[in-house]
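J.: A single structure is presented below for examination.
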Amino acid sequence: MAVCARLCGVGPARGCRRRGAQREQRREGPADSEPDTDAEEERIEGARLGPGEAPAPAPAPLSLLELPPELLVQIFGSLPGTDLPSLARVCSTFRRILRTDTIWRRRCREEYGVCENLRKLEITGVSCRDVYAKLLHRYRHILGLWQPDIGPYGGLLNVVVDGFFIIGWMYLPPHDPHVDDPMRFKPLFRIHLMERKSATVECMYGHKGPHNGHIQIVKKDEFSTKCNQTDHHRMSGGRQEEFRTWLREEWGRTLEDIFHEHMQELILMKFIYTSQYDNCLTYRRIYLPPSNADDLLKPGLFKGTYGSHGLEIVMLSFHGKKAKGTKITGDPNIPAGQQTVEIDLAHPIQLPDIENLRNFNELSRIVLEVQEQVRREQQEEEEGQDEEEGRFRQGDSQQVEQPAQRDDAGAEGTEAAGAAAAQESAPTSQPFVLPVGVISRNEDYPRTCRMCFYGTGLIAGHGFTSPERTPGIFILFDDDRFGFIWLELKSFSLYSRIKVSFQNAEAPSREAFDEMLKNIQSMTT
């Protein structure tokens with residue numbers, strides 16, 4: 001406060017020139033009894049100037065209070081909105097200037113991207129300051145990407161500032177099996193300022209328009225929503241009409257169009273499970289994966305085909321010599337949050353010629369040979385670690401430490417060099433075709449690929465029973481598409497990038513992203 005007092009020229013701060021001058025003036029008597037020394041000095045100074053000489057420039061202002069109010073508006077408008085309340089406590093002049101709506105209009109635009117004509121708010125009697133303080137700043141912690149806790153199904157929610165609203169959009173994959181189509185989205189809730197008192201939360205679920213809702217920020221990186229009028233979710237035709245409407249939105253078809261009995265069961269099960277929540281959900285924050293210049297492709301969110309379960313959302317991230325695909329949406333077999341595929345970037349696979357590639361047994365032989373090689377390397381690494389620990393227990397740590405470090409560095413260097421050499425030696429594209437007998441939901445897959453790597457895929461029974469990782473092959477088609485062949489299932493999944501620019505979704509650090517992956521996986525384990 002002392003620093004602010006010196007800036008504004010008021011208050012008890014030491015060195016305050018205006019206060020010192022006032023104190024001196026009181027000592028010497030009333031101002032009208034003293035000669036006008038300033039005018040006298042100006043007259044004398046003018047007399048000393050020669051012809052054509054300009055007077056000396058006026059002294060610079062000694063405090064911010066001596067600046068014009070319009071200049072203070074510009075200065076204060078360039079400060080972060082969170083600092084302005086402290087500035088208003090400095091003096092009454094600052095407090096009066098900070099009531100200028102121009103300042104808050106600029107903060108709404110620069111901090112939250114509100115580009116609409118905020119003057120329209122004057123009709124409702126709501127100021128830009130109200131919008132900033134009671135809407136944007138208050139609910140800033142829920143902006144970004146979130147995963148709802150809907151059992152094994154998960155989801156992807158994007159909360160954004162949209163004009164004078166904060167809206168939660170649920171992102172849905174395109175209808176199966178059109179993996180290259182754009183994402184679909186629908187609003188689940190919105191927040192806006194209808195009057196000056198407080199923001200209004202409305203549930204957007206159902207088909208009867210917005211109605212009363214509630215949002216509670218539970219803790220850091222977690223919030224919950226509640227609908228206070230769930231009768232708005234009901235339809236006049238009862239559950240049967242609700243199911244048919246949901247089926248058209250979710251799958252783009254009717255139940256009569258789905259001939260596969262197992263798929264009908266899965267669809268009905270999902271409707272019963274998800275509809276019971278009535279938009280009363282808990283959300284946990286998720287981050288987009290960080291990227292590095294040497295990544296095989298840009299990490300991010302992808303849509304993937306998963307047989308009878310339809311299209312699901314997967315997050316591809318890179319972790320040294322491994323790449324991981326984590327489910328953001330899931331199913332009763334492999335729930336959301338689980339690591340669906342893992343790619344071993346240290347073990348590239350060279351595909352056979354196009355004729356031999358059609359032979360599933362030939363491709364299976366190649367992949368299983370690499371699997372055996374990986375198993376031997378892991379076994380040797382474990383045995384080496386056991387021997388090293390034994391030597392340490394015998395008191396030989398100083399002699400063993402340096403060679404062990406050289407061995408580890410050499411192993412990592414060999415693997416990294418192998419992956420790099422594979423990328424350099426691989427042709428820009430090579431013919432690709434699925435082996436005979438491999439099932440694909442989408443026959444419109446690319447017919448050329450760049451590279452292939454050994455990987456494993458997670459499979460399990462219903463209810464995530466008896467999960468196990470089985471061998472497969474990762475196929476990189478281009479910058480936006482990749483595939484995975486599940487050998488044991490004789491199935492092929494095609495993945496296509498989600499081309500949406502998500503805001504407020506970057507991880508603050510690599511450690512924060514890794515911690516987020518662990519958290520969403522632990523919820524469904």
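Residues are named by chain letter and number: chains run A, B, ... in the order of the structure tokens, numbers start at 1 in each chain, and ligands are numbered from 1 in the order shown.
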Tell me which protein, DNA and RNA residues are within 12 Å of region 506-519 of chain A, counting only C-alpha atoms, leaving out same-chain ones fewer than 5 positions away, and put them as an MDAnalysis selection string.
T.: chainID A and resid 143:147 221:222 284:292 300 315:319 324:328 336:339 501 524:525
J.: Any chance you can output those residues with C-alpha atoms as an mmCIF file, in the first residue's frame?
T.:
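Output file selection.cif follows:
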```
data_model
loop_
_atom_site.group_PDB
_atom_site.id
_atom_site.type_symbol
_atom_site.label_atom_id
_atom_site.label_comp_id
_atom_site.auth_asym_id
_atom_site.auth_seq_id
_atom_site.Cartn_x
_atom_site.Cartn_y
_atom_site.Cartn_z
ATOM 1 C CA LEU A 143 -13.161 -23.787 -19.001
ATOM 2 C CA GLY A 144 -11.382 -26.514 -20.988
ATOM 3 C CA LEU A 145 -11.711 -30.263 -21.618
ATOM 4 C CA TRP A 146 -13.395 -32.680 -19.204
ATOM 5 C CA GLN A 147 -14.331 -36.338 -18.963
ATOM 6 C CA ASP A 221 -9.948 -29.924 -11.653
ATOM 7 C CA GLU A 222 -13.360 -31.344 -10.757
ATOM 8 C CA ARG A 284 -12.715 -34.426 -14.221
ATOM 9 C CA ARG A 285 -10.268 -32.309 -16.190
ATOM 10 C CA ILE A 286 -8.240 -33.798 -19.013
ATOM 11 C CA TYR A 287 -5.337 -32.270 -20.908
ATOM 12 C CA LEU A 288 -4.203 -32.587 -24.490
ATOM 13 C CA PRO A 289 -0.903 -34.498 -24.752
ATOM 14 C CA PRO A 290 2.306 -32.442 -25.019
ATOM 15 C CA SER A 291 4.230 -32.765 -28.279
ATOM 16 C CA ASN A 292 7.918 -32.955 -29.214
ATOM 17 C CA GLY A 300 -3.872 -35.551 -29.920
ATOM 18 C CA MET A 315 -5.990 -39.893 -26.978
ATOM 19 C CA LEU A 316 -2.605 -40.657 -28.592
ATOM 20 C CA SER A 317 0.435 -39.592 -26.539
ATOM 21 C CA PHE A 318 4.180 -40.267 -26.742
ATOM 22 C CA HIS A 319 6.367 -41.417 -23.861
ATOM 23 C CA LYS A 324 -0.004 -44.929 -25.893
ATOM 24 C CA GLY A 325 -3.640 -44.763 -26.949
ATOM 25 C CA THR A 326 -5.910 -43.975 -23.980
ATOM 26 C CA LYS A 327 -9.679 -44.239 -24.243
ATOM 27 C CA ILE A 328 -11.615 -41.044 -23.548
ATOM 28 C CA ALA A 336 -12.927 -45.158 -20.679
ATOM 29 C CA GLY A 337 -9.568 -44.274 -19.145
ATOM 30 C CA GLN A 338 -7.894 -47.569 -20.059
ATOM 31 C CA GLN A 339 -4.892 -47.825 -22.374
ATOM 32 C CA SER A 501 -8.902 -26.398 -31.905
ATOM 33 C CA THR A 524 -12.146 -47.524 -14.065
ATOM 34 C CA THR A 525 -9.629 -50.098 -12.859
#
```
J.: Which residues of region 249-344 of chain A come within 8 Å of region 464-475 of chain A, and for each one, what is the closest pair of atoms and their distance in Å to one decimal, counting only C-alpha atoms, sorted by chain and residue number, as CSV?
T.:
```
residue,atom,partner,partner_atom,distance
A:Pro332,CA,A:Phe464,CA,6.6
A:Asn333,CA,A:Phe464,CA,4.8
A:Ile334,CA,A:Phe464,CA,5.7
A:Pro335,CA,A:Phe464,CA,7.2
A:Ile343,CA,A:Phe474,CA,6.7
```
J.: Could you please take those selected residues and save N, CA, C and O atoms as an mmCIF file, in the first residue's frame?
T.:
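Resulting contents of result09.cif:
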```
data_model
loop_
_atom_site.group_PDB
_atom_site.id
_atom_site.type_symbol
_atom_site.label_atom_id
_atom_site.label_comp_id
_atom_site.auth_asym_id
_atom_site.auth_seq_id
_atom_site.Cartn_x
_atom_site.Cartn_y
_atom_site.Cartn_z
ATOM 1 N N PRO A 332 -18.385 -51.479 -22.292
ATOM 2 C CA PRO A 332 -18.377 -52.415 -21.161
ATOM 3 C C PRO A 332 -17.175 -53.365 -21.151
ATOM 4 O O PRO A 332 -16.839 -53.907 -20.093
ATOM 5 N N ASN A 333 -16.528 -53.591 -22.290
ATOM 6 C CA ASN A 333 -15.357 -54.463 -22.306
ATOM 7 C C ASN A 333 -14.095 -53.720 -21.864
ATOM 8 O O ASN A 333 -13.432 -54.134 -20.907
ATOM 9 N N ILE A 334 -13.769 -52.631 -22.573
ATOM 10 C CA ILE A 334 -12.614 -51.809 -22.206
ATOM 11 C C ILE A 334 -13.149 -50.409 -21.891
ATOM 12 O O ILE A 334 -13.484 -49.645 -22.792
ATOM 13 N N PRO A 335 -13.259 -50.068 -20.603
ATOM 14 C CA PRO A 335 -13.891 -48.799 -20.236
ATOM 15 C C PRO A 335 -13.026 -47.587 -20.547
ATOM 16 O O PRO A 335 -11.826 -47.703 -20.828
ATOM 17 N N ILE A 343 2.242 -48.766 -28.495
ATOM 18 C CA ILE A 343 3.100 -48.954 -29.661
ATOM 19 C C ILE A 343 4.553 -48.923 -29.220
ATOM 20 O O ILE A 343 4.978 -47.996 -28.507
#
```
J.: Would you mind reading off the distance between CA of Ser92 (chain A) and CA of Arg138 (chain A), one decimal, in Å?
T.: 25.3 Å
J.: Given only C-alpha atoms as the basis, pick out the residue of A:Ile267, A:Val131, A:Leu87, A:Leu476 nearest to Gly310 (chain A).
T.: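 Smallest separation from Gly310 (chain A) among the options: A:Ile267.
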J.: Check region 198-431 of chain A with DSSP on the backbone and list each residue it calls alpha helix (DSSP H), as a PyMOL selection string.
T.: chain A and resi 238-251+261-275+354-357+360-393+397-425
J.: Based on the selection just made, write C-alpha atoms of those residues as a compact mmCIF listing (two decimals), in the first residue's frame.
T.:
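Saved as part-v2.txt:
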```txt
# COMPACT_ATOMS: atom_id res chain seq x y z
CA GLY A 238 -42.53 -42.58 -22.69
CA ARG A 239 -39.27 -44.52 -22.59
CA GLN A 240 -39.84 -46.10 -25.99
CA GLU A 241 -39.97 -42.71 -27.71
CA GLU A 242 -36.97 -41.53 -25.70
CA PHE A 243 -35.01 -44.59 -26.79
CA ARG A 244 -35.83 -44.20 -30.48
CA THR A 245 -34.91 -40.51 -30.36
CA TRP A 246 -31.63 -41.30 -28.59
CA LEU A 247 -30.87 -44.07 -31.11
CA ARG A 248 -31.29 -41.72 -34.07
CA GLU A 249 -29.00 -39.15 -32.43
CA GLU A 250 -26.40 -41.64 -31.20
CA TRP A 251 -26.26 -44.07 -34.13
CA GLU A 261 -28.32 -59.15 -32.13
CA HIS A 262 -25.22 -58.56 -30.00
CA MET A 263 -25.01 -54.95 -31.20
CA GLN A 264 -28.68 -54.42 -30.31
CA GLU A 265 -27.98 -55.62 -26.77
CA LEU A 266 -24.98 -53.28 -26.43
CA ILE A 267 -26.97 -50.30 -27.69
CA LEU A 268 -29.91 -50.94 -25.36
CA MET A 269 -27.53 -51.43 -22.44
CA LYS A 270 -25.83 -48.09 -23.12
CA PHE A 271 -29.15 -46.23 -23.31
CA ILE A 272 -30.38 -47.67 -20.01
CA TYR A 273 -27.09 -46.94 -18.26
CA THR A 274 -26.48 -43.39 -19.51
CA SER A 275 -30.06 -42.09 -19.33
CA ILE A 354 1.46 -56.97 -51.27
CA GLU A 355 0.69 -60.60 -52.22
CA ASN A 356 2.16 -62.06 -49.03
CA LEU A 357 0.50 -59.31 -47.01
CA PHE A 360 -2.87 -63.50 -42.50
CA ASN A 361 -0.59 -66.35 -41.39
CA GLU A 362 2.43 -64.63 -42.94
CA LEU A 363 1.70 -61.34 -41.18
CA SER A 364 1.00 -63.19 -37.94
CA ARG A 365 4.37 -64.99 -38.20
CA ILE A 366 6.23 -61.69 -38.58
CA VAL A 367 4.49 -60.06 -35.62
CA LEU A 368 4.95 -63.08 -33.34
CA GLU A 369 8.68 -63.16 -34.14
CA VAL A 370 8.97 -59.56 -33.00
CA GLN A 371 6.92 -60.39 -29.90
CA GLU A 372 9.38 -63.15 -29.02
CA GLN A 373 12.29 -60.75 -29.55
CA VAL A 374 10.68 -58.21 -27.23
CA ARG A 375 10.07 -60.92 -24.62
CA ARG A 376 13.74 -62.01 -24.71
CA GLU A 377 14.95 -58.41 -24.40
CA GLN A 378 12.70 -57.82 -21.41
CA GLN A 379 13.89 -61.05 -19.79
CA GLU A 380 17.54 -60.14 -20.31
CA GLU A 381 16.92 -56.69 -18.88
CA GLU A 382 15.24 -58.14 -15.78
CA GLU A 383 18.07 -60.67 -15.28
CA GLY A 384 20.63 -57.89 -15.64
CA GLN A 385 18.84 -55.84 -13.01
CA ASP A 386 18.72 -58.82 -10.63
CA GLU A 387 22.47 -59.42 -11.08
CA GLU A 388 23.19 -55.77 -10.50
CA GLU A 389 21.13 -55.74 -7.30
CA GLY A 390 22.98 -58.85 -6.12
CA ARG A 391 26.34 -57.20 -6.67
CA PHE A 392 25.21 -54.13 -4.78
CA ARG A 393 24.16 -56.32 -1.85
CA SER A 397 28.45 -51.04 -5.86
CA GLN A 398 31.33 -48.73 -6.76
CA GLN A 399 32.83 -51.13 -9.31
CA VAL A 400 29.48 -51.99 -10.91
CA GLU A 401 27.89 -48.54 -11.06
CA GLN A 402 29.69 -47.08 -14.07
CA PRO A 403 29.54 -50.17 -16.37
CA ALA A 404 25.82 -50.54 -15.56
CA GLN A 405 25.20 -46.96 -16.60
CA ARG A 406 27.07 -47.53 -19.84
CA ASP A 407 25.00 -50.66 -20.56
CA ASP A 408 21.69 -48.83 -19.99
CA ALA A 409 22.74 -45.88 -22.09
CA GLY A 410 23.94 -48.22 -24.78
CA ALA A 411 20.66 -50.11 -24.80
CA GLU A 412 18.63 -46.91 -25.02
CA GLY A 413 20.93 -45.56 -27.69
CA THR A 414 20.61 -48.75 -29.72
CA GLU A 415 16.81 -48.70 -29.52
CA ALA A 416 16.58 -45.00 -30.35
CA ALA A 417 19.02 -45.43 -33.21
CA GLY A 418 17.02 -48.41 -34.47
CA ALA A 419 13.79 -46.43 -34.49
CA ALA A 420 15.46 -43.45 -36.14
CA ALA A 421 17.10 -45.67 -38.75
CA ALA A 422 13.74 -47.29 -39.47
CA GLN A 423 12.18 -43.89 -40.06
CA GLU A 424 15.00 -42.83 -42.37
CA SER A 425 15.20 -46.06 -44.34
```
J.: Using backbone DSSP assignments, extract all strand (DSSP E) residues from region 214-259 of chain A; output them as a PyMOL selection string.
T.: chain A and resi 214-219+222-227
J.: Between A:Asp83, A:Phe502, A:Asp278, A:Thr93, which is the closest to Trp169 (chain A) once you count only C-alpha atoms?
T.: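 For Trp169 (chain A), the nearest of the given residues is A:Phe502.
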J.: Mind giving me the straight-line distance from CA of Pro348 (chain A) to CA of Asp479 (chain A) in Å, one decimal?
T.: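 Taking CA of Pro348 (chain A) and CA of Asp479 (chain A), their separation equals 17.6 Å.
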J.: Considering only C-alpha atoms, can you say which of A:Asp181, A:Ser127, A:Pro210, A:Arg109 comes closest to Gly163 (chain A)?
T.: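 So, comparing all the options, the nearest one is A:Arg109.
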J.: At a cut-off of 10 Å, using only C-alpha atoms, what residues contact Asn442 (chain A)? Leave out same-chain residues fewer than 2 positions from it and give the result as a PDB file with N, CA, C and O atoms, in the first residue's frame.
T.:
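File around-v4.pdb, as written:
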```
ATOM      1  N   ASP A 176     -21.188 -44.396 -36.809  1.00  0.00           N
ATOM      2  CA  ASP A 176     -20.432 -45.575 -37.242  1.00  0.00           C
ATOM      3  C   ASP A 176     -20.862 -45.984 -38.658  1.00  0.00           C
ATOM      4  O   ASP A 176     -22.073 -45.998 -38.952  1.00  0.00           O
ATOM      5  N   PRO A 177     -19.916 -46.308 -39.554  1.00  0.00           N
ATOM      6  CA  PRO A 177     -18.464 -46.401 -39.351  1.00  0.00           C
ATOM      7  C   PRO A 177     -17.701 -45.251 -40.007  1.00  0.00           C
ATOM      8  O   PRO A 177     -16.542 -45.416 -40.370  1.00  0.00           O
ATOM      9  N   HIS A 178     -18.307 -44.076 -40.155  1.00  0.00           N
ATOM     10  CA  HIS A 178     -17.715 -42.978 -40.931  1.00  0.00           C
ATOM     11  C   HIS A 178     -16.700 -42.217 -40.080  1.00  0.00           C
ATOM     12  O   HIS A 178     -16.958 -41.111 -39.611  1.00  0.00           O
ATOM     13  N   VAL A 179     -15.534 -42.813 -39.918  1.00  0.00           N
ATOM     14  CA  VAL A 179     -14.540 -42.296 -38.992  1.00  0.00           C
ATOM     15  C   VAL A 179     -13.929 -40.974 -39.458  1.00  0.00           C
ATOM     16  O   VAL A 179     -13.440 -40.189 -38.635  1.00  0.00           O
ATOM     17  N   THR A 305     -12.549 -46.960 -34.744  1.00  0.00           N
ATOM     18  CA  THR A 305     -13.620 -47.960 -34.886  1.00  0.00           C
ATOM     19  C   THR A 305     -13.366 -49.116 -33.920  1.00  0.00           C
ATOM     20  O   THR A 305     -12.254 -49.638 -33.833  1.00  0.00           O
ATOM     21  N   GLY A 307     -15.555 -52.164 -33.594  1.00  0.00           N
ATOM     22  CA  GLY A 307     -16.488 -53.242 -33.849  1.00  0.00           C
ATOM     23  C   GLY A 307     -17.916 -52.894 -33.490  1.00  0.00           C
ATOM     24  O   GLY A 307     -18.434 -51.827 -33.849  1.00  0.00           O
ATOM     25  N   ILE A 439     -11.323 -58.537 -40.068  1.00  0.00           N
ATOM     26  CA  ILE A 439     -12.594 -57.814 -40.131  1.00  0.00           C
ATOM     27  C   ILE A 439     -12.361 -56.317 -39.937  1.00  0.00           C
ATOM     28  O   ILE A 439     -11.601 -55.907 -39.056  1.00  0.00           O
ATOM     29  N   SER A 440     -13.006 -55.508 -40.764  1.00  0.00           N
ATOM     30  CA  SER A 440     -12.910 -54.059 -40.642  1.00  0.00           C
ATOM     31  C   SER A 440     -14.306 -53.451 -40.755  1.00  0.00           C
ATOM     32  O   SER A 440     -15.069 -53.800 -41.654  1.00  0.00           O
ATOM     33  N   ASP A 444     -13.202 -48.438 -46.356  1.00  0.00           N
ATOM     34  CA  ASP A 444     -12.582 -47.306 -47.035  1.00  0.00           C
ATOM     35  C   ASP A 444     -11.326 -46.861 -46.286  1.00  0.00           C
ATOM     36  O   ASP A 444     -11.170 -45.700 -45.926  1.00  0.00           O
ATOM     37  N   TYR A 445     -10.416 -47.780 -46.031  1.00  0.00           N
ATOM     38  CA  TYR A 445      -9.155 -47.468 -45.346  1.00  0.00           C
ATOM     39  C   TYR A 445      -8.076 -47.131 -46.389  1.00  0.00           C
ATOM     40  O   TYR A 445      -8.187 -47.517 -47.562  1.00  0.00           O
ATOM     41  N   PHE A 492      -9.514 -55.082 -37.350  1.00  0.00           N
ATOM     42  CA  PHE A 492      -8.753 -53.886 -37.709  1.00  0.00           C
ATOM     43  C   PHE A 492      -9.500 -52.651 -37.233  1.00  0.00           C
ATOM     44  O   PHE A 492     -10.709 -52.509 -37.460  1.00  0.00           O
ATOM     45  N   SER A 493      -8.783 -51.738 -36.547  1.00  0.00           N
ATOM     46  CA  SER A 493      -9.342 -50.462 -36.106  1.00  0.00           C
ATOM     47  C   SER A 493      -8.672 -49.340 -36.881  1.00  0.00           C
ATOM     48  O   SER A 493      -7.441 -49.305 -36.991  1.00  0.00           O
ATOM     49  N   LEU A 494      -9.488 -48.435 -37.400  1.00  0.00           N
ATOM     50  CA  LEU A 494      -8.983 -47.277 -38.131  1.00  0.00           C
ATOM     51  C   LEU A 494      -9.238 -46.030 -37.289  1.00  0.00           C
ATOM     52  O   LEU A 494     -10.342 -45.835 -36.774  1.00  0.00           O
TER      53      LEU A 494
END
```
J.: What lies within 8 Å of region 428-434 of chain A using only C-alpha atoms, ignoring chain neighbours under 2 positions off, as a list in words?
T.: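 Using only C-alpha atoms, the neighbours found are Ile354, Leu357, Arg358, Ala426, Val436, Val438, Pro446, Arg447, Thr448, Cys449, Arg450 and Met451 of chain A.
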J.: Limited to N, CA, C and O atoms, could you put the picked residues into a file as a PDB file, in the first residue's frame?
T.:
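again-v5.pdb, freshly written:
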```
ATOM      1  N   ILE A 354       2.916 -57.077 -51.320  1.00  0.00           N
ATOM      2  CA  ILE A 354       1.460 -56.966 -51.266  1.00  0.00           C
ATOM      3  C   ILE A 354       0.765 -58.320 -51.339  1.00  0.00           C
ATOM      4  O   ILE A 354      -0.271 -58.541 -50.692  1.00  0.00           O
ATOM      5  N   LEU A 357       1.206 -60.048 -48.054  1.00  0.00           N
ATOM      6  CA  LEU A 357       0.501 -59.312 -47.013  1.00  0.00           C
ATOM      7  C   LEU A 357      -0.957 -59.753 -46.920  1.00  0.00           C
ATOM      8  O   LEU A 357      -1.577 -59.688 -45.864  1.00  0.00           O
ATOM      9  N   ARG A 358      -1.503 -60.242 -48.010  1.00  0.00           N
ATOM     10  CA  ARG A 358      -2.881 -60.736 -47.985  1.00  0.00           C
ATOM     11  C   ARG A 358      -3.021 -62.013 -47.158  1.00  0.00           C
ATOM     12  O   ARG A 358      -4.116 -62.391 -46.759  1.00  0.00           O
ATOM     13  N   ALA A 426      12.761 -46.219 -44.196  1.00  0.00           N
ATOM     14  CA  ALA A 426      11.446 -46.605 -44.700  1.00  0.00           C
ATOM     15  C   ALA A 426      11.061 -45.721 -45.877  1.00  0.00           C
ATOM     16  O   ALA A 426      11.355 -44.528 -45.887  1.00  0.00           O
ATOM     17  N   VAL A 436      -6.535 -61.287 -45.745  1.00  0.00           N
ATOM     18  CA  VAL A 436      -7.825 -61.960 -45.893  1.00  0.00           C
ATOM     19  C   VAL A 436      -8.241 -62.541 -44.542  1.00  0.00           C
ATOM     20  O   VAL A 436      -7.449 -63.183 -43.845  1.00  0.00           O
ATOM     21  N   VAL A 438      -9.325 -60.623 -41.957  1.00  0.00           N
ATOM     22  CA  VAL A 438      -9.317 -59.569 -40.941  1.00  0.00           C
ATOM     23  C   VAL A 438     -10.560 -58.702 -41.130  1.00  0.00           C
ATOM     24  O   VAL A 438     -10.824 -58.200 -42.223  1.00  0.00           O
ATOM     25  N   PRO A 446      -7.023 -46.405 -45.999  1.00  0.00           N
ATOM     26  CA  PRO A 446      -5.965 -46.050 -46.962  1.00  0.00           C
ATOM     27  C   PRO A 446      -5.279 -47.292 -47.521  1.00  0.00           C
ATOM     28  O   PRO A 446      -5.089 -48.289 -46.813  1.00  0.00           O
ATOM     29  N   ARG A 447      -4.865 -47.209 -48.778  1.00  0.00           N
ATOM     30  CA  ARG A 447      -4.197 -48.335 -49.438  1.00  0.00           C
ATOM     31  C   ARG A 447      -2.687 -48.160 -49.515  1.00  0.00           C
ATOM     32  O   ARG A 447      -1.986 -48.939 -50.153  1.00  0.00           O
ATOM     33  N   THR A 448      -2.169 -47.125 -48.862  1.00  0.00           N
ATOM     34  CA  THR A 448      -0.712 -46.968 -48.714  1.00  0.00           C
ATOM     35  C   THR A 448      -0.430 -46.571 -47.271  1.00  0.00           C
ATOM     36  O   THR A 448      -1.278 -45.960 -46.600  1.00  0.00           O
ATOM     37  N   CYS A 449       0.747 -46.906 -46.783  1.00  0.00           N
ATOM     38  CA  CYS A 449       1.143 -46.556 -45.418  1.00  0.00           C
ATOM     39  C   CYS A 449       2.600 -46.108 -45.405  1.00  0.00           C
ATOM     40  O   CYS A 449       3.346 -46.348 -46.349  1.00  0.00           O
ATOM     41  N   ARG A 450       2.992 -45.454 -44.339  1.00  0.00           N
ATOM     42  CA  ARG A 450       4.358 -44.955 -44.210  1.00  0.00           C
ATOM     43  C   ARG A 450       5.249 -45.934 -43.447  1.00  0.00           C
ATOM     44  O   ARG A 450       6.330 -46.273 -43.892  1.00  0.00           O
ATOM     45  N   MET A 451       4.771 -46.340 -42.263  1.00  0.00           N
ATOM     46  CA  MET A 451       5.584 -47.184 -41.386  1.00  0.00           C
ATOM     47  C   MET A 451       4.688 -48.094 -40.572  1.00  0.00           C
ATOM     48  O   MET A 451       3.481 -47.825 -40.417  1.00  0.00           O
TER      49      MET A 451
END
```
J.: Skip Tyr171 (chain A) itself and residues of its chain fewer than 5 positions away, then list as a list in words all residues within 7 Å of it, counting only C-alpha atoms.
T.: Leu156, Leu157, Met183, Arg184, Phe185 and Lys186 of chain A
J.: Enter the distance from CA of Gly168 (chain A) to CA of Asp480 (chain A), in Å, rounded to one decimal.
T.: 26.4 Å
